[in-house]
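**Student:** Input data.txt, format and content: compact mmCIF, C-alpha atoms.
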# COMPACT_ATOMS: atom_id res chain seq x y z
CA MET A 1 2.05 5.22 37.29
CA VAL A 2 2.69 7.88 39.95
CA LEU A 3 0.44 7.97 43.02
CA VAL A 4 0.34 11.28 44.91
CA ALA A 5 -1.24 11.03 48.36
CA GLU A 6 -1.45 12.98 51.62
CA VAL A 7 -0.91 16.30 49.80
CA ALA A 8 -0.21 19.18 52.18
CA SER A 9 -0.15 22.74 50.91
CA THR A 10 -1.08 26.23 52.04
CA SER A 11 -1.97 27.71 48.64
CA ALA A 12 -3.48 26.66 45.33
CA ALA A 13 -0.29 27.74 43.53
CA ALA A 14 1.84 25.48 45.74
CA THR A 15 -0.58 22.59 45.19
CA HIS A 16 -0.41 23.00 41.42
CA ALA A 17 3.40 23.23 41.51
CA LEU A 18 3.59 20.04 43.60
CA LEU A 19 1.32 18.15 41.19
CA ALA A 20 3.26 19.45 38.16
CA ALA A 21 6.51 18.24 39.70
CA ALA A 22 4.99 14.82 40.39
CA ALA A 23 3.80 14.55 36.77
CA ALA A 24 7.05 15.79 35.19
CA PRO A 25 8.67 12.37 34.67
CA VAL A 26 5.49 10.78 33.22
CA SER A 27 2.43 11.80 31.26
CA ALA A 28 -0.43 13.41 33.16
CA ALA A 29 -2.57 10.35 32.40
CA GLU A 30 -0.19 8.26 34.50
CA VAL A 31 -0.64 10.37 37.65
CA ARG A 32 -3.27 9.50 40.23
CA VAL A 33 -3.91 11.99 43.02
CA GLN A 34 -5.77 11.03 46.20
CA ASP A 35 -8.36 13.48 47.49
CA ARG A 36 -7.64 15.31 50.72
CA PRO A 37 -10.29 17.81 51.83
CA GLY A 38 -9.08 21.26 52.76
CA VAL A 39 -6.02 21.39 50.50
CA PRO A 40 -6.21 24.65 48.47
CA GLY A 41 -6.60 24.00 44.74
CA LEU A 42 -6.61 20.20 45.01
CA ALA A 43 -10.32 19.58 44.36
CA GLY A 44 -10.14 21.38 41.00
CA ALA A 45 -7.10 19.36 39.94
CA LEU A 46 -8.73 15.99 40.50
CA GLY A 47 -10.60 13.98 37.95
CA GLU A 48 -12.93 11.31 39.24
CA ARG A 49 -13.37 11.57 43.02
CA ALA A 50 -11.70 8.89 45.09
CA ARG A 51 -13.21 7.66 48.35
CA ARG A 52 -12.54 10.09 51.18
CA ASP A 53 -13.02 7.67 54.05
CA TRP A 54 -10.11 5.28 53.66
CA TYR A 55 -9.54 4.70 57.34
CA TYR A 56 -11.89 2.97 59.73
CA VAL A 57 -11.94 3.73 63.44
CA ARG A 58 -14.03 1.82 65.96
CA VAL A 59 -14.89 3.55 69.24
CA PRO A 60 -15.90 0.86 71.76
CA ASP A 61 -16.81 3.29 74.57
CA ALA A 62 -18.03 6.66 73.31
CA ALA A 63 -18.79 7.92 76.83
CA ALA A 64 -15.21 7.28 77.95
CA LEU A 65 -13.94 9.09 74.84
CA LEU A 66 -16.15 12.12 75.55
CA ASP A 67 -14.98 12.14 79.15
CA VAL A 68 -11.34 12.28 78.03
CA LEU A 69 -12.15 14.96 75.45
CA SER A 70 -14.05 17.19 77.91
CA PRO A 71 -11.16 19.70 78.37
CA THR A 72 -10.89 20.09 74.58
CA LEU A 73 -14.66 20.44 74.23
CA GLU A 74 -14.70 23.10 76.97
CA ALA A 75 -11.94 25.02 75.17
CA ARG A 76 -13.84 24.89 71.86
CA LEU A 77 -16.97 26.13 73.59
CA ALA A 78 -15.07 28.94 75.32
CA ASP A 79 -13.65 30.09 71.95
CA SER A 80 -17.07 30.21 70.31
CA ALA A 81 -20.12 32.46 70.24
CA LEU A 82 -21.69 29.98 72.69
CA ALA A 83 -19.12 30.68 75.44
CA GLY A 84 -20.64 30.50 78.92
CA LEU A 85 -23.56 28.34 77.75
CA SER A 86 -25.57 26.34 80.26
CA THR A 87 -27.42 23.36 78.80
CA GLU A 88 -27.66 19.59 78.72
CA LEU A 89 -25.76 17.87 75.89
CA LEU A 90 -27.59 14.66 74.95
CA VAL A 91 -26.29 12.18 72.38
CA SER A 92 -28.15 8.93 71.75
CA LEU A 93 -26.44 6.00 70.02
CA TRP A 94 -29.50 3.74 69.65
CA GLU A 95 -28.82 1.19 72.43
CA ARG A 96 -27.30 3.71 74.83
CA HIS A 97 -27.05 7.43 75.36
CA MET A 98 -24.71 9.91 76.98
CA SER A 99 -25.47 13.24 78.57
CA ILE A 100 -23.29 16.00 79.97
CA THR A 101 -24.45 18.96 82.00
CA ILE A 102 -22.76 22.15 80.82
CA ALA A 103 -22.95 24.95 83.40
CA ASP A 104 -21.51 28.35 82.43
CA GLY A 105 -19.32 26.66 79.83
CA GLN A 106 -17.95 24.06 82.25
CA PHE A 107 -18.53 20.37 81.54
CA GLY A 108 -19.77 18.01 84.21
CA ALA A 109 -19.18 14.27 84.21
CA VAL A 110 -20.42 12.17 81.32
CA ARG A 111 -23.49 10.22 82.38
CA ARG A 112 -24.40 6.97 80.66
CA GLY A 113 -27.84 5.57 80.09
CA GLY A 114 -29.73 2.96 78.14
CA PRO A 115 -31.76 3.46 74.98
CA HIS A 116 -33.25 6.92 74.48
CA GLN A 117 -36.20 6.56 72.14
CA ARG A 118 -36.75 10.21 71.15
CA PRO A 119 -33.47 12.11 71.62
CA VAL A 120 -34.20 14.79 69.01
CA SER A 121 -37.64 15.65 70.42
CA SER A 122 -35.94 15.79 73.86
CA GLY A 123 -33.51 18.43 72.56
CA GLY A 124 -30.63 16.03 71.85
CA SER A 125 -28.98 14.36 68.89
CA GLY A 126 -29.49 10.82 67.60
CA LEU A 127 -26.53 9.16 65.89
CA PRO A 128 -25.76 5.65 64.72
CA PRO A 129 -22.96 4.08 66.80
CA ASP A 130 -20.61 3.88 63.82
CA ALA A 131 -20.84 7.67 63.37
CA VAL A 132 -18.90 8.45 66.58
CA ALA A 133 -15.47 8.20 64.92
CA HIS A 134 -16.64 10.48 62.09
CA LEU A 135 -18.02 12.93 64.67
CA VAL A 136 -14.78 13.14 66.67
CA PHE A 137 -12.00 12.34 64.17
CA GLY A 138 -13.45 13.02 60.71
CA CYS A 139 -16.16 15.12 59.12
CA GLY A 140 -17.37 16.48 62.47
CA ALA A 141 -21.00 17.18 63.34
CA ALA A 142 -21.61 19.28 60.21
CA GLY A 143 -20.94 16.31 57.90
CA LEU A 144 -22.80 13.58 59.74
CA GLU A 145 -26.30 14.07 58.36
CA ASP A 146 -24.96 13.87 54.79
CA ARG A 147 -23.06 10.66 55.49
CA PHE A 148 -25.57 8.85 57.70
CA PRO A 149 -29.30 8.93 56.87
CA ASP A 150 -30.12 8.11 60.50
CA ALA A 151 -27.98 10.90 62.02
CA HIS A 152 -30.06 13.78 63.39
CA LEU A 153 -28.41 16.69 65.23
CA GLY A 154 -31.70 18.31 66.20
CA ARG A 155 -31.93 21.60 68.08
CA GLN A 156 -28.41 21.24 69.47
CA ARG A 157 -26.94 21.35 65.94
CA GLU A 158 -25.00 24.59 66.54
CA LEU A 159 -23.54 23.29 69.81
CA MET A 160 -22.56 19.98 68.21
CA GLN A 161 -20.85 21.84 65.35
CA VAL A 162 -18.88 23.97 67.83
CA LEU A 163 -17.83 20.97 69.91
CA PHE A 164 -17.10 18.65 67.00
CA PRO A 165 -15.61 20.52 64.01
CA ALA A 166 -14.24 18.59 61.05
CA GLN A 167 -10.74 17.24 61.62
CA LEU A 168 -7.99 16.58 59.10
CA ALA A 169 -5.40 14.01 60.01
CA ASP A 170 -1.84 14.02 58.77
CA LEU A 171 -1.41 10.30 58.52
CA LEU A 172 1.65 8.62 57.07
CA THR A 173 0.80 5.23 55.65
CA PHE A 174 2.35 2.76 53.29
CA TYR A 175 -0.97 1.10 52.43
CA LEU A 176 -2.13 3.48 49.74
CA PRO A 177 -4.80 2.37 47.28
CA SER A 178 -3.65 1.98 43.73
What does this structure look like when you write it as structure tokens?

**Tutor:**
Amino acid sequence: MVLVAEVASTSAAATHALLAAAAAPVSAAEVRVQDRPGVPGLAGALGERARRDWYYVRVPDAAALLDVLSPTLEARLADSALAGLSTELLVSLWERHMSITIADGQFGAVRRGGPHQRPVSSGGSGLPPDAVAHLVFGCGAAGLEDRFPDAHLGRQRELMQVLFPAQLADLLTFYLPS
């Protein structure tokens, strides 16, 4: 059996040529291709969908991570239709919450707090703690509500989607599922 994983391509034609080359020495039934979102033409070439979340990331201090990411978040905001926005970004993670004052597109310090019982009705977002890695390193804000039934972006949905777009990782690993 041939396992094709971590496919990288810029066109559907290149994807199909790569898969044909991988299948050349064996029958097509002996080729297993791992899903990788965003690769042109790959989704149509796959049979049964494989799991897309093979890697697990634990974020022990989400506030510290947001603080480190602030320059990147500011740049994303500046490059968006929301450039120059002034607002309060509020993200509740059940037992704790984080808030950041954004003034004219500039991020202030990340403030930490305890439980926030009604973040969505306060204009914020409520996320389960294990969704932070998906928010920052995976499906981004746009994919959270589909993955987590208790994820609610609320009225700051557009801002969250600007700050946290989906990310694709080029990850070389030797622990591929078979």

**Student:** For the atom pair CA of Val26 in chain A and CA of Thr10 in chain A, what is the interatomic distance in Å to one decimal place?

**Tutor:**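 Atom-to-atom, CA of Val26 in chain A and CA of Thr10 in chain A are spaced 25.2 Å apart.
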
**Student:** May I ask which of the residues A:Arg155, A:Arg112, A:Arg76, A:Arg147 is the closest one to Leu135 in chain A, counting only C-alpha atoms?

**Tutor:**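 Nearest to Leu135 in chain A: A:Arg147.
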
**Student:** Between CA of Ala21 in chain A and CA of Val2 in chain A, what is the spacing in Å?

**Tutor:**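 CA of Ala21 in chain A lies at a distance of 11.0 Å from CA of Val2 in chain A.
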
**Student:** If we count all atoms listed in the file and set the cut-off at 10 Å, which residues sit around Ala83 in chain A, ignoring sequence neighbours fewer than 6 positions away in its own chain? Please answer as a ChimeraX atom specification.

**Tutor:** /A:74-77,104-106

**Student:** Taking 2 positions as the minimum chain separation for residues in the same chain, which residues sit within 10 Å of Ser70 in chain A when counting only C-alpha atoms? Answer as a PyMOL selection string.

**Tutor:** chain A and resi 64-68+72-76+100+106-110+163

**Student:** Which distance in Å separates CA of Gly124 in chain A and CA of Leu90 in chain A, to one decimal?

**Tutor:**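 Answer for the CA of Gly124 in chain A to CA of Leu90 in chain A separation: 4.6 Å.
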
**Student:** In terms of the shortest atom-to-atom distance over all atoms listed in the file, which of A:Phe148, A:Phe137, A:Trp94, A:Phe164 is closest to Arg118 in chain A?

**Tutor:**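 For Arg118 in chain A, the nearest of the candidates is A:Trp94.
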
**Student:** Using all atoms listed in the file, which of A:Pro37, A:Gly113, A:Gly143, A:Pro129 sits nearest Arg58 in chain A?

**Tutor:**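 Distance minimum relative to Arg58 in chain A lands on A:Pro129.
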
**Student:** Measuring between only C-alpha atoms, which one of A:Ser9, A:Ser92, A:Val4, A:Asp35 shows the shortest distance to Ala22 in chain A?

**Tutor:**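 So, comparing all the options, the nearest one is A:Val4.
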